[in-house]
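Structure file target10.txt with compact mmCIF, C-alpha atoms:
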```
# COMPACT_ATOMS: atom_id res chain seq x y z
CA MET A 211 55.72 4.85 1.79
CA ALA A 212 54.95 8.56 1.27
CA THR A 213 53.58 7.79 -2.20
CA GLY A 214 51.21 5.18 -0.72
CA ARG A 215 49.90 7.70 1.80
CA ASP A 216 49.51 10.31 -0.94
CA ASP A 217 47.47 7.83 -3.05
CA PHE A 218 45.23 7.13 -0.07
CA VAL A 219 44.67 10.86 0.56
CA ILE A 220 43.96 11.48 -3.14
CA ALA A 221 41.46 8.57 -3.24
CA ILE A 222 39.69 9.81 -0.08
CA ARG A 223 39.62 13.40 -1.31
CA SER A 224 38.30 12.32 -4.68
CA ALA A 225 35.62 10.10 -3.07
CA PHE A 226 34.31 12.81 -0.77
CA LEU A 227 34.74 16.00 -2.77
CA LYS A 228 34.68 15.13 -6.46
CA LYS A 229 31.28 15.42 -8.13
CA LYS A 230 30.49 13.19 -11.11
CA ASP A 231 28.72 14.66 -14.14
CA LYS A 232 25.21 13.85 -12.90
CA GLN A 233 25.81 14.49 -9.18
CA LYS A 234 24.64 17.90 -8.00
CA PHE A 235 26.11 17.66 -4.48
CA SER A 236 29.37 16.27 -3.18
CA LEU A 237 29.27 13.42 -0.67
CA LEU A 238 30.88 15.53 2.05
CA THR A 239 28.20 18.24 1.76
CA LEU A 240 25.41 15.67 2.07
CA ILE A 241 27.10 13.87 4.99
CA PHE A 242 27.34 17.18 6.87
CA LEU A 243 23.72 17.90 5.95
CA SER A 244 22.64 14.51 7.41
CA ILE A 245 24.54 15.20 10.63
CA PHE A 246 22.90 18.65 10.77
CA VAL A 247 19.45 17.04 10.32
CA ILE A 248 20.18 14.48 13.08
CA VAL A 249 21.26 17.27 15.46
CA LEU A 250 18.19 19.35 14.56
CA SER A 251 15.80 16.42 15.02
CA SER A 252 17.05 15.98 18.60
CA PHE A 253 15.87 19.52 19.47
CA ASN A 254 12.27 20.29 20.24
CA PHE A 255 11.83 23.75 18.67
CA LYS A 256 8.43 24.63 17.28
CA VAL A 257 9.71 25.19 13.72
CA ILE A 258 11.40 21.78 13.73
CA GLN A 259 8.27 20.14 15.14
CA ILE A 260 6.08 21.67 12.42
CA THR A 261 8.54 20.63 9.70
CA LYS A 262 8.64 17.10 11.15
CA LEU A 263 4.83 16.95 11.20
CA ALA A 264 4.62 18.05 7.56
CA ILE A 265 7.25 15.48 6.48
CA ASN A 266 5.47 12.73 8.44
CA GLU A 267 2.06 13.61 6.96
CA ILE A 268 3.34 13.47 3.38
CA ILE A 269 5.50 10.38 3.77
CA TYR A 270 2.94 8.31 5.74
CA ARG A 271 0.29 8.92 3.07
CA SER A 272 2.69 8.16 0.21
CA SER A 273 3.94 5.06 1.98
CA TYR A 274 0.36 3.84 2.46
CA ILE A 275 -0.32 4.17 -1.27
CA SER A 276 2.94 2.55 -2.37
CA SER A 277 2.48 -0.38 0.04
CA ILE A 278 -0.91 -1.35 -1.42
CA PRO A 279 0.57 -4.03 -3.77
CA GLU A 280 2.71 -5.52 -0.99
CA ASN A 281 -0.23 -5.55 1.42
CA LYS A 282 -2.35 -7.32 -1.22
CA ILE A 283 0.31 -10.06 -1.54
CA ARG A 284 0.39 -10.43 2.24
CA GLN A 285 -3.40 -10.61 2.37
CA ILE A 286 -3.53 -13.31 -0.33
CA ILE A 287 -0.90 -15.41 1.46
CA SER A 288 -2.78 -15.09 4.74
CA GLU A 289 -6.07 -16.09 3.04
CA ILE A 290 -4.47 -19.17 1.45
CA LYS A 291 -3.03 -20.17 4.82
CA SER A 292 -6.38 -19.77 6.56
CA HIS A 293 -8.09 -21.89 3.86
CA LEU A 294 -5.58 -24.66 4.40
CA GLU A 295 -6.12 -24.65 8.14
CA VAL A 296 -9.92 -24.36 8.05
CA TYR A 297 -10.84 -27.87 9.27
CA GLU A 298 -8.40 -27.91 12.16
CA ARG A 299 -9.51 -24.45 13.20
CA ASN A 300 -13.17 -25.34 13.04
CA GLN A 301 -12.73 -28.25 15.45
CA LYS A 302 -10.93 -26.01 17.93
CA GLU A 303 -13.51 -23.25 17.55
CA LEU A 304 -16.38 -25.67 18.37
CA VAL A 305 -14.82 -26.52 21.71
CA LYS A 306 -14.04 -22.85 22.35
CA THR A 307 -17.60 -21.67 21.61
CA GLU A 308 -19.05 -24.06 24.14
CA LYS A 309 -16.68 -22.80 26.82
CA THR A 310 -17.22 -19.15 25.83
CA GLU A 311 -20.99 -19.38 26.41
CA GLN A 312 -20.39 -20.51 29.98
CA ILE A 313 -17.80 -17.81 30.61
CA LYS A 314 -20.06 -15.13 29.09
CA LEU A 315 -22.84 -15.81 31.59
CA LEU A 316 -20.43 -15.63 34.49
CA ASN A 317 -18.82 -12.50 33.07
CA ASN A 318 -22.17 -10.66 32.76
CA PHE A 319 -22.89 -11.31 36.40
CA LEU A 320 -19.42 -10.17 37.51
CA THR A 321 -19.59 -7.00 35.38
CA GLU A 322 -22.89 -5.98 36.93
CA GLU A 323 -21.60 -6.75 40.40
CA ASN A 324 -18.44 -4.72 39.72
CA LYS A 325 -20.50 -1.75 38.49
CA LYS A 326 -22.62 -1.78 41.68
CA LEU A 327 -19.54 -2.00 43.92
CA ARG A 328 -17.91 0.93 42.07
CA GLU A 329 -21.04 2.99 42.57
CA LEU A 330 -20.92 2.17 46.29
CA ILE A 331 -17.41 3.56 46.65
CA ASP A 332 -18.31 6.47 44.31
CA GLU A 333 -15.75 5.52 41.63
CA SER A 334 -16.51 5.11 37.98
CA ILE A 335 -14.34 4.59 34.93
CA SER A 336 -15.47 6.10 31.66
CA SER A 337 -13.55 5.74 28.45
CA GLU A 338 -13.65 7.30 25.01
CA GLU A 339 -12.76 5.35 21.91
CA VAL A 340 -11.62 6.41 18.47
CA PHE A 341 -11.56 3.80 15.71
CA ALA A 342 -8.49 3.92 13.50
CA LYS A 343 -7.21 2.15 10.41
CA VAL A 344 -3.64 0.87 10.28
CA LEU A 345 -1.93 2.77 7.46
CA ILE A 346 1.59 1.37 7.67
CA ASP A 347 2.39 -1.91 9.33
CA LYS A 348 6.06 -2.63 8.72
CA ASP A 349 7.60 -5.37 10.75
CA SER A 350 10.92 -3.60 10.86
CA PRO A 351 13.68 -5.32 12.86
CA TYR A 352 14.58 -1.94 14.38
CA LEU A 353 11.32 -0.57 15.72
CA LYS A 354 8.01 -2.35 16.18
CA SER A 355 5.35 0.24 15.45
CA VAL A 356 2.30 0.96 13.30
CA VAL A 357 1.00 4.19 11.76
CA LEU A 358 -2.71 4.92 12.32
CA ASN A 359 -5.00 7.22 10.32
CA LYS A 360 -6.14 9.31 13.30
CA GLY A 361 -4.26 12.32 14.69
CA THR A 362 -4.68 15.54 16.66
CA LYS A 363 -7.77 16.49 14.64
CA ASP A 364 -9.49 13.44 16.19
CA ASN A 365 -8.23 14.30 19.70
CA VAL A 366 -5.58 11.60 19.73
CA LYS A 367 -2.88 12.32 22.30
CA ILE A 368 0.51 10.83 23.16
CA GLY A 369 0.23 7.97 25.68
CA MET A 370 -3.27 6.79 24.71
CA ALA A 371 -3.80 3.02 24.66
CA VAL A 372 -4.22 1.18 21.35
CA ILE A 373 -6.56 -1.80 21.50
CA ASP A 374 -7.30 -4.60 19.05
CA GLU A 375 -10.82 -5.93 19.86
CA VAL A 376 -10.36 -6.08 23.66
CA TYR A 377 -6.61 -6.71 23.80
CA LEU A 378 -3.93 -4.10 24.38
CA VAL A 379 -1.50 -3.81 21.44
CA GLY A 380 0.45 -0.66 22.20
CA GLN A 381 0.45 3.04 22.96
CA ILE A 382 0.59 6.26 20.97
CA ILE A 383 4.11 7.73 20.84
CA GLU A 384 3.86 10.33 18.09
CA VAL A 385 0.87 12.39 16.90
CA ASN A 386 0.56 14.34 13.65
CA TYR A 387 -2.46 16.25 12.35
CA THR A 388 -4.17 13.38 10.49
CA ASN A 389 -2.17 10.37 11.65
CA SER A 390 -0.24 8.96 14.57
CA ARG A 391 2.34 6.30 15.38
CA ALA A 392 1.74 3.58 17.97
CA LEU A 393 4.59 1.68 19.61
CA LEU A 394 3.67 -2.01 19.79
CA LEU A 395 4.01 -4.02 23.00
CA SER A 396 6.63 -6.19 21.31
CA ASP A 397 9.08 -3.29 20.88
CA LEU A 398 12.18 -3.27 23.09
CA ASN A 399 11.25 0.21 24.38
CA SER A 400 7.72 -0.79 25.48
CA LYS A 401 7.13 -1.03 29.26
CA ILE A 402 3.58 -1.55 30.53
CA PRO A 403 2.62 -1.55 34.24
CA SER A 404 0.55 -4.68 34.68
CA VAL A 405 -1.03 -7.02 37.17
CA LEU A 406 -0.71 -10.79 36.96
CA GLU A 407 -3.97 -12.54 37.72
CA PRO A 408 -5.17 -14.60 39.59
CA TYR A 409 -2.15 -13.97 41.86
CA ASP A 410 -2.62 -10.16 41.94
CA ILE A 411 1.10 -9.49 41.49
CA GLN A 412 2.25 -6.12 40.15
CA ALA A 413 4.81 -6.34 37.34
CA VAL A 414 6.10 -4.57 34.27
CA VAL A 415 5.53 -6.24 30.90
CA SER A 416 8.52 -5.42 28.79
CA GLY A 417 8.85 -5.90 25.01
CA THR A 418 11.70 -8.00 23.61
CA GLY A 419 11.69 -7.17 19.90
CA SER A 420 10.22 -10.65 19.22
CA ASN A 421 6.61 -11.85 19.35
CA PHE A 422 6.62 -12.27 23.13
CA ALA A 423 7.24 -10.09 26.18
CA ILE A 424 8.97 -10.69 29.49
CA ILE A 425 8.03 -9.89 33.07
CA GLU A 426 10.26 -7.39 34.83
CA HIS A 427 10.41 -5.93 38.34
CA THR A 428 8.88 -8.95 40.01
CA GLN A 429 10.56 -11.21 42.50
CA LYS A 430 11.75 -14.53 41.07
CA ASP A 431 9.90 -16.46 43.80
CA TYR A 432 6.60 -15.27 42.39
CA ILE A 433 7.49 -16.29 38.88
CA GLU A 434 8.49 -19.77 40.04
CA SER A 435 5.04 -20.27 41.60
CA PHE A 436 3.44 -19.79 38.13
CA GLU A 437 4.76 -23.09 36.82
CA ASN A 438 2.06 -25.14 35.05
CA LYS A 439 -0.64 -22.59 35.91
CA GLU A 440 -2.53 -20.23 33.65
CA VAL A 441 -1.54 -16.65 34.46
CA ILE A 442 -2.92 -13.68 32.54
CA ALA A 443 -1.38 -10.20 32.44
CA TYR A 444 -3.76 -7.21 32.51
CA THR A 445 -2.96 -3.51 32.61
CA SER A 446 -2.81 -2.36 36.22
CA GLY A 447 -3.75 1.26 35.54
CA LEU A 448 -0.76 2.42 37.62
CA GLY A 449 0.85 5.50 36.16
CA GLY A 450 -2.57 6.71 34.99
CA LEU A 451 -1.98 6.00 31.30
CA PHE A 452 -4.09 2.93 30.71
CA LYS A 453 -7.49 1.83 31.88
CA PRO A 454 -7.01 -1.00 34.42
CA GLY A 455 -7.99 -4.52 33.34
CA ILE A 456 -7.13 -4.51 29.62
CA PRO A 457 -5.84 -8.02 28.76
CA ILE A 458 -2.25 -8.08 27.46
CA GLY A 459 -1.23 -11.72 27.21
CA LYS A 460 -0.86 -15.11 28.76
CA ILE A 461 2.19 -16.54 30.47
CA TYR A 462 3.76 -19.53 28.76
CA LYS A 463 3.21 -22.68 30.80
CA ASP A 464 6.73 -23.97 30.29
CA GLU A 465 8.60 -20.65 30.27
CA THR A 466 7.25 -18.71 33.22
CA SER A 467 8.83 -15.35 32.52
CA LYS A 468 7.58 -15.09 28.89
CA ILE A 469 4.25 -13.56 27.94
CA LYS A 470 2.49 -14.51 24.71
CA PHE A 471 0.38 -11.63 23.39
CA PHE A 472 -3.32 -12.23 22.78
CA SER A 473 -3.28 -10.14 19.64
CA ASP A 474 -1.35 -10.98 16.46
CA PHE A 475 0.49 -7.75 15.62
CA THR A 476 1.11 -8.79 12.02
CA GLN A 477 -2.65 -8.92 11.31
CA LEU A 478 -3.74 -5.50 12.60
CA ASN A 479 -6.18 -3.73 10.28
CA TYR A 480 -8.44 -1.67 12.51
CA VAL A 481 -7.76 -0.71 16.13
CA LYS A 482 -9.29 1.42 18.86
CA ILE A 483 -7.43 4.34 20.43
CA VAL A 484 -8.70 4.64 23.99
CA SER A 485 -8.54 7.35 26.63
CA TYR A 486 -10.18 6.99 30.04
CA LYS A 487 -11.25 8.97 33.06
CA VAL A 488 -11.57 7.78 36.66
CA GLY A 489 -14.33 8.91 39.05
CA GLY A 490 -15.24 12.59 38.90
CA GLU A 491 -12.22 13.62 36.72
CA LYS A 492 -13.12 16.05 33.97
CA MET B 129 10.92 -6.89 -30.31
CA SER B 130 13.78 -4.93 -31.78
CA SER B 131 11.57 -1.84 -32.11
CA LEU B 132 10.68 -2.27 -28.42
CA ASN B 133 14.37 -2.35 -27.52
CA LYS B 134 14.86 0.96 -29.28
CA SER B 135 11.81 2.61 -27.70
CA PRO B 136 12.72 5.95 -26.08
CA PHE B 137 10.23 5.24 -23.28
CA LEU B 138 12.04 2.00 -22.38
CA LYS B 139 15.35 3.84 -22.46
CA ILE B 140 14.12 6.50 -20.02
CA PHE B 141 12.35 3.93 -17.84
CA LEU B 142 15.45 1.75 -17.59
CA SER B 143 17.69 4.71 -16.76
CA TYR B 144 15.39 5.67 -13.88
CA LEU B 145 14.69 2.10 -12.75
CA PRO B 146 17.34 1.97 -9.94
CA LEU B 147 15.93 5.24 -8.58
CA ILE B 148 12.34 3.96 -8.80
CA ILE B 149 13.29 0.72 -7.01
CA LEU B 150 15.13 2.72 -4.33
CA PHE B 151 12.15 4.96 -3.54
CA PHE B 152 9.66 2.11 -3.82
CA SER B 153 11.66 0.04 -1.35
CA VAL B 154 12.12 2.83 1.22
CA PHE B 155 8.41 3.64 1.11
CA ASN B 156 7.68 -0.05 1.61
CA GLU B 157 10.54 -0.98 3.93
CA PHE B 158 10.81 -4.37 2.18
CA ASP B 159 11.95 -7.29 4.26
CA PHE B 160 10.78 -10.00 1.81
CA ASN B 161 9.76 -12.04 4.82
CA TYR B 162 6.33 -13.24 3.76
CA LEU B 163 6.91 -16.57 5.53
CA ASN B 164 7.21 -14.78 8.90
CA LEU B 165 10.48 -16.53 9.73
CA GLU B 166 11.78 -15.23 13.01
CA TYR B 167 14.88 -13.05 12.66
CA PHE B 168 14.91 -13.36 8.87
CA ALA B 169 15.53 -9.87 7.49
CA PHE B 170 17.97 -8.23 5.16
CA ASN B 171 18.52 -4.69 4.02
CA PHE B 172 17.61 -4.50 0.37
CA VAL B 173 18.35 -0.75 0.20
CA HIS B 174 21.94 -1.31 1.33
CA LEU B 175 22.45 -3.84 -1.48
CA LEU B 176 20.87 -1.55 -4.04
CA ILE B 177 22.93 1.50 -3.06
CA PHE B 178 26.15 -0.51 -2.77
CA PHE B 179 25.82 -2.06 -6.22
CA TRP B 180 24.72 1.02 -8.17
CA THR B 181 27.06 3.54 -6.56
CA LEU B 182 29.92 1.10 -7.14
CA ARG B 183 29.17 -0.03 -10.69
CA ASN B 184 27.16 2.80 -12.25
CA PRO B 185 26.99 5.87 -9.97
CA ASP B 186 25.33 7.98 -12.67
CA GLN B 187 22.09 6.06 -12.19
CA LEU B 188 21.73 6.85 -8.49
CA GLY B 189 22.38 10.44 -7.40
CA TYR B 190 23.68 11.17 -3.91
CA PHE B 191 20.93 13.69 -3.26
CA ALA B 192 18.27 11.09 -4.17
CA ILE B 193 19.96 8.69 -1.74
CA PHE B 194 19.90 11.39 0.96
CA ILE B 195 16.14 11.94 0.41
CA ALA B 196 15.54 8.17 0.39
CA GLY B 197 17.26 7.98 3.78
CA ILE B 198 14.98 10.69 5.20
CA ILE B 199 11.91 8.80 3.91
CA ASN B 200 13.19 5.52 5.36
CA ASP B 201 13.64 7.14 8.80
CA VAL B 202 10.10 8.50 8.78
CA VAL B 203 8.60 5.19 7.63
CA ILE B 204 10.35 3.02 10.23
CA GLY B 205 10.05 5.69 12.93
CA ILE B 206 13.65 6.43 13.89
CA PRO B 207 15.05 9.99 14.28
CA ILE B 208 15.35 11.76 10.92
CA GLY B 209 18.79 11.82 9.28
CA ILE B 210 20.25 8.55 10.60
CA SER B 211 19.55 6.41 7.51
CA SER B 212 20.71 9.24 5.23
CA LEU B 213 24.03 9.35 7.03
CA CYS B 214 24.39 5.57 6.82
CA TYR B 215 23.52 5.45 3.12
CA LEU B 216 25.96 8.26 2.35
CA LEU B 217 28.72 6.52 4.29
CA LEU B 218 28.01 3.46 2.16
CA CYS B 219 28.37 5.71 -0.90
CA SER B 220 31.68 7.09 0.36
CA VAL B 221 33.08 3.57 0.74
CA THR B 222 31.98 2.63 -2.77
CA ALA B 223 33.42 5.90 -4.14
CA TYR B 224 36.74 5.09 -2.43
CA ILE B 225 36.73 1.51 -3.77
CA ARG B 226 35.99 2.87 -7.25
CA ASN B 227 38.91 5.25 -7.01
CA ILE B 228 41.45 2.66 -5.93
CA THR B 229 40.28 -0.17 -8.19
CA LEU B 230 41.37 -0.53 -11.77
CA SER B 231 39.45 -3.68 -12.67
CA PRO B 232 36.33 -4.53 -10.61
CA ASN B 233 36.38 -7.84 -8.78
CA PHE B 234 33.20 -9.42 -7.42
CA ILE B 235 34.81 -11.19 -4.42
CA LYS B 236 36.61 -8.01 -3.28
CA ASP B 237 33.38 -6.04 -3.61
CA TRP B 238 31.50 -8.68 -1.64
CA ILE B 239 33.99 -8.68 1.22
CA SER B 240 34.10 -4.89 1.33
CA LEU B 241 30.28 -4.91 1.53
CA LEU B 242 30.47 -6.99 4.72
CA PHE B 243 32.87 -4.56 6.42
CA THR B 244 30.90 -1.55 5.19
CA ILE B 245 27.50 -2.73 6.43
CA LEU B 246 29.06 -3.82 9.73
CA LEU B 247 30.46 -0.29 10.06
CA ILE B 248 27.26 1.55 9.13
CA ASN B 249 25.04 -0.69 11.26
CA SER B 250 27.41 -0.07 14.19
CA ILE B 251 27.15 3.69 13.60
CA GLN B 252 23.33 3.41 13.49
CA VAL B 253 23.24 1.39 16.72
CA ILE B 254 25.59 3.85 18.44
CA ILE B 255 23.47 6.85 17.43
CA LEU B 256 20.17 5.19 18.40
CA ASP B 257 21.36 3.61 21.62
CA LEU B 258 23.78 6.18 23.01
CA ILE B 259 22.47 9.48 21.66
CA PHE B 260 18.72 8.96 21.32
CA LEU B 261 18.55 6.33 24.12
CA LEU B 262 16.39 4.00 22.03
CA LYS B 263 16.84 0.32 22.86
CA VAL B 264 17.81 -1.80 19.85
CA ASP B 265 18.21 -5.53 19.39
CA TYR B 266 21.88 -6.12 18.59
CA LEU B 267 21.19 -9.71 17.49
CA ASN B 268 18.67 -8.45 14.93
CA TYR B 269 21.25 -6.07 13.49
CA LEU B 270 23.85 -8.81 13.33
CA ILE B 271 21.50 -11.27 11.62
CA ASN B 272 20.33 -8.54 9.25
CA THR B 273 23.97 -7.83 8.34
CA GLY B 274 24.60 -11.55 7.79
CA PHE B 275 21.61 -12.02 5.48
CA THR B 276 22.39 -8.81 3.58
CA PHE B 277 25.92 -10.14 2.96
CA ILE B 278 24.65 -13.59 1.92
CA PHE B 279 22.06 -12.20 -0.51
CA TYR B 280 24.49 -9.90 -2.34
CA PRO B 281 25.46 -12.44 -5.06
CA ILE B 282 21.79 -13.01 -6.00
CA PHE B 283 21.07 -9.30 -6.31
CA PHE B 284 24.43 -8.75 -7.99
CA VAL B 285 23.33 -11.02 -10.85
CA ILE B 286 19.95 -9.24 -11.16
CA PHE B 287 21.39 -5.72 -10.94
CA ASN B 288 24.26 -6.59 -13.26
CA PHE B 289 21.81 -7.79 -15.89
CA LEU B 290 19.84 -4.54 -15.46
CA ASN B 291 23.03 -2.49 -15.63
CA GLU B 292 24.02 -4.16 -18.90
CA ARG B 293 20.56 -3.43 -20.35
CA ILE B 294 20.87 0.22 -19.29
CA SER B 295 24.35 0.54 -20.83
CA TYR B 296 23.14 -1.18 -23.99
CA GLN B 297 20.17 1.21 -24.27
CA ALA B 298 22.36 4.23 -23.54
CA ASN B 299 24.91 3.28 -26.20
CA ASP B 300 22.30 2.32 -28.76
```

Produce structure tokens that represent the structure in this file.
Amino acid sequence: MATGRDDFVIAIRSAFLKKKDKQKFSLLTLIFLSIFVIVLSSFNFKVIQITKLAINEIIYRSSYISSIPENKIRQIISEIKSHLEVYERNQKELVKTEKTEQIKLLNNFLTEENKKLRELIDESISSEEVFAKVLIDKDSPYLKSVVLNKGTKDNVKIGMAVIDEVYLVGQIIEVNYTNSRALLLSDLNSKIPSVLEPYDIQAVVSGTGSNFAIIEHTQKDYIESFENKEVIAYTSGLGGLFKPGIPIGKIYKDETSKIKFFSDFTQLNYVKIVSYKVGGEK
Amino acid sequence: MSSLNKSPFLKIFLSYLPLIILFFSVFNEFDFNYLNLEYFAFNFVHLLIFFWTLRNPDQLGYFAIFIAGIINDVVIGIPIGISSLCYLLLCSVTAYIRNITLSPNFIKDWISLLFTILLINSIQVIILDLIFLLKVDYLNYLINTGFTFIFYPIFFVIFNFLNERISYQAND
């Protein structure tokens, strides 16, 4: 019995402490070093922040270069798919275009009317946009995020909204000097204050880790009334982070608590990083 | 062909190939999911580290694995150091298995891989969820573990072939 325990101890000691010919560090040293790095990364000291920024800058750029072949493969697959679906898509687009023309006319009128009404109550919303390229777009199962090629040198700040065409896709969570990381709406940690139209119900759109979101902090009675109706989630502007009225997604007709995003997060190439000001704010 | 086999460039390239694949995969965060199948994901880096540190640890240094972990954390956006710790724990299990095993057995290795990745994924979830308060999808981790376990035999064959070529070149 004692011999068995001795063998176990010897095997463990040998595994952790013994260095092979080509190993410069023992496993135990490196394990302690990793724990030390984890502890350090949880602190917010300036030296650590600067080191983190430098590491991020180098690794994001290198990762962008080394993912070029993989991105090319992805692009080719997506092009082949779109060629195969071209006829079906065209038919749908024809119907859509007709409807869009009608909606556009109505929208122009409503926008002008809205502008006049805002002027009457002395409130205006102005926004600034920065165009950014997606450097790294890894659909990791652990964290849904993208790395953008704009950072503090382009006045990007934490919390700014990230928009694809007109649709909200996420918000900035980390800013480096020349790049930044945006957390996508689909991430489990994403919570966006929103308003559900046309019912004007305040809710929180919460990411699920999959390609849809769920509605939180809304009474169930409201959700039940959505059945078989088209409900669209927009940003509410509450909390002061996002401009109100940015479209997020549409509620599934059959599953009333699920929101399907307007934007396809796997196809992001260029996005807008948006900040906004209300009224006379400077 | 035979002159190509004896080429010193090929010999050096083959000896560094596991390291090149490791760094290339952490920079890319491969998931091999070009079909966009929901939930389909497996951890290629875990398979790579498990095989090489078990069968031929001279080809993959612990310090390189530590650096690869740091890069992986930055690329996927989780706090720095977590992947390094997980990869090194994987190395410690393989080092232990190597010490207690006289003749390597594929089935035993495969089963120990399952327990090891379950352990390291649990450690990762605990650190992310309880210490850094980041929400993680447990189901994703579980499915990832399952697929990583299932895919081991395929990569075992590929890596084993590569390992034999490296040994052949080294002894030539």

Output as a PDB file with C-alpha atoms, in the coordinates of the input the set of chain B residues within 6 Å of chain A, with distances taken over all atoms listed in the file.
```
ATOM      1  CA  PHE B 155       8.410   3.640   1.110  1.00  0.00           C
ATOM      2  CA  ASN B 156       7.680  -0.050   1.610  1.00  0.00           C
ATOM      3  CA  ASP B 186      25.330   7.980 -12.670  1.00  0.00           C
ATOM      4  CA  GLY B 189      22.380  10.440  -7.400  1.00  0.00           C
ATOM      5  CA  ILE B 208      15.350  11.760  10.920  1.00  0.00           C
ATOM      6  CA  GLY B 209      18.790  11.820   9.280  1.00  0.00           C
ATOM      7  CA  LEU B 213      24.030   9.350   7.030  1.00  0.00           C
ATOM      8  CA  ALA B 223      33.420   5.900  -4.140  1.00  0.00           C
ATOM      9  CA  TYR B 224      36.740   5.090  -2.430  1.00  0.00           C
ATOM     10  CA  ASN B 227      38.910   5.250  -7.010  1.00  0.00           C
ATOM     11  CA  LYS B 263      16.840   0.320  22.860  1.00  0.00           C
TER      12      LYS B 263
END
```

Within 12 Å of file point (21.3, 10.7, 22.6), counting all atoms listed in the file, expressed as a short mmCIF file (atom, residue, chain, number, x, y, z; two decimals) with C-alpha atoms, keeping the file's coordinate frame:
```
data_model
loop_
_atom_site.label_atom_id
_atom_site.label_comp_id
_atom_site.auth_asym_id
_atom_site.auth_seq_id
_atom_site.Cartn_x
_atom_site.Cartn_y
_atom_site.Cartn_z
CA ILE A 248 20.18 14.48 13.08
CA VAL A 249 21.26 17.27 15.46
CA SER A 251 15.80 16.42 15.02
CA SER A 252 17.05 15.98 18.60
CA PHE A 253 15.87 19.52 19.47
CA PRO B 207 15.05 9.99 14.28
CA GLN B 252 23.33 3.41 13.49
CA VAL B 253 23.24 1.39 16.72
CA ILE B 254 25.59 3.85 18.44
CA ILE B 255 23.47 6.85 17.43
CA LEU B 256 20.17 5.19 18.40
CA ASP B 257 21.36 3.61 21.62
CA LEU B 258 23.78 6.18 23.01
CA ILE B 259 22.47 9.48 21.66
CA PHE B 260 18.72 8.96 21.32
CA LEU B 261 18.55 6.33 24.12
CA LEU B 262 16.39 4.00 22.03
CA LYS B 263 16.84 0.32 22.86
#
```

Residues within 8 Å of region 472-474 of chain A, only C-alpha atoms, excluding chain neighbours under 3 positions, as a PyMOL selection string: chain A and resi 374+377-379+457-460+477-478

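The spacing separating CA of Ile248 (chain B) from CA of Tyr215 (chain B) amounts to 8.1 Å.
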
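Of note, CA of Ser446 (chain A) and CA of Val415 (chain A) are spaced 10.6 Å apart.
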
Between B:Phe191, B:Ser211, B:Phe152, B:Leu142, which residue has the minimum interatomic distance to Phe289 (chain B), considering all atoms listed in the file? B:Leu142

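Between CA of Leu394 (chain A) and CA of Ile424 (chain A) the separation is 14.1 Å.
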
Exercise: region 234-243 of chain B partners within 8 Å, only C-alpha atoms, chain neighbours under 6 positions left out, as number ranges by chain: B: 178, 273, 277, 280-281

Which residues come within 7 Å of Asn171 (chain B), counting only C-alpha atoms, excluding same-chain residues fewer than 3 positions away, as a list in words? His174, Leu175, Asn272 and Thr276 of chain B

With all atoms of region 134-139 of chain B from the file as input, state the centre and edge lengths in Å to one decimal of the axis-aligned box that has 4 Å extra on each side, as AutoDock Vina command-line options.
```
--center_x 12.8 --center_y 3.5 --center_z -25.8 --size_x 13.1 --size_y 13.0 --size_z 14.9
```

Selection near Ile195 (chain B), 9 Å with all atoms listed in the file, sequence-local residues under 5 positions removed, as a PyMOL selection string: chain B and resi 151+190+200+212

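The neighbours of region 401-413 of chain A here are the residues that come within 7 Å of it, using all atoms listed in the file and leaving out any residue fewer than 6 positions away in the same chain; they are Ile425, Glu426, His427, Thr428, Val441, Ile442, Ala443, Tyr444, Thr445, Ser446 and Leu448 of chain A.
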
What would the file look like if the residues just selected were written as an mmCIF file, in the frame of the given file with C-alpha atoms?
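So the final result, stored in part23.cif, reads:
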```
data_model
loop_
_atom_site.group_PDB
_atom_site.id
_atom_site.type_symbol
_atom_site.label_atom_id
_atom_site.label_comp_id
_atom_site.auth_asym_id
_atom_site.auth_seq_id
_atom_site.Cartn_x
_atom_site.Cartn_y
_atom_site.Cartn_z
ATOM 1 C CA ILE A 425 8.030 -9.890 33.070
ATOM 2 C CA GLU A 426 10.260 -7.390 34.830
ATOM 3 C CA HIS A 427 10.410 -5.930 38.340
ATOM 4 C CA THR A 428 8.880 -8.950 40.010
ATOM 5 C CA VAL A 441 -1.540 -16.650 34.460
ATOM 6 C CA ILE A 442 -2.920 -13.680 32.540
ATOM 7 C CA ALA A 443 -1.380 -10.200 32.440
ATOM 8 C CA TYR A 444 -3.760 -7.210 32.510
ATOM 9 C CA THR A 445 -2.960 -3.510 32.610
ATOM 10 C CA SER A 446 -2.810 -2.360 36.220
ATOM 11 C CA LEU A 448 -0.760 2.420 37.620
#
```

Let me make sure I understand: among A:Gln301, A:Ala423, A:Val344, A:Val484, which one has the smallest atom-to-atom distance to Val376 (chain A) if we use all atoms listed in the file? A:Val484

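The residue that comes closest to Phe283 (chain B), out of B:Ser135, B:Ile177, B:Phe141, B:Pro185 and on the basis of only C-alpha atoms, is B:Ile177.
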
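The shortest atom-to-atom distance to Ile286 (chain B), with all atoms listed in the file taken into account, belongs to B:Leu176 out of B:Ala169, B:Ile228, B:Val154, B:Leu176.
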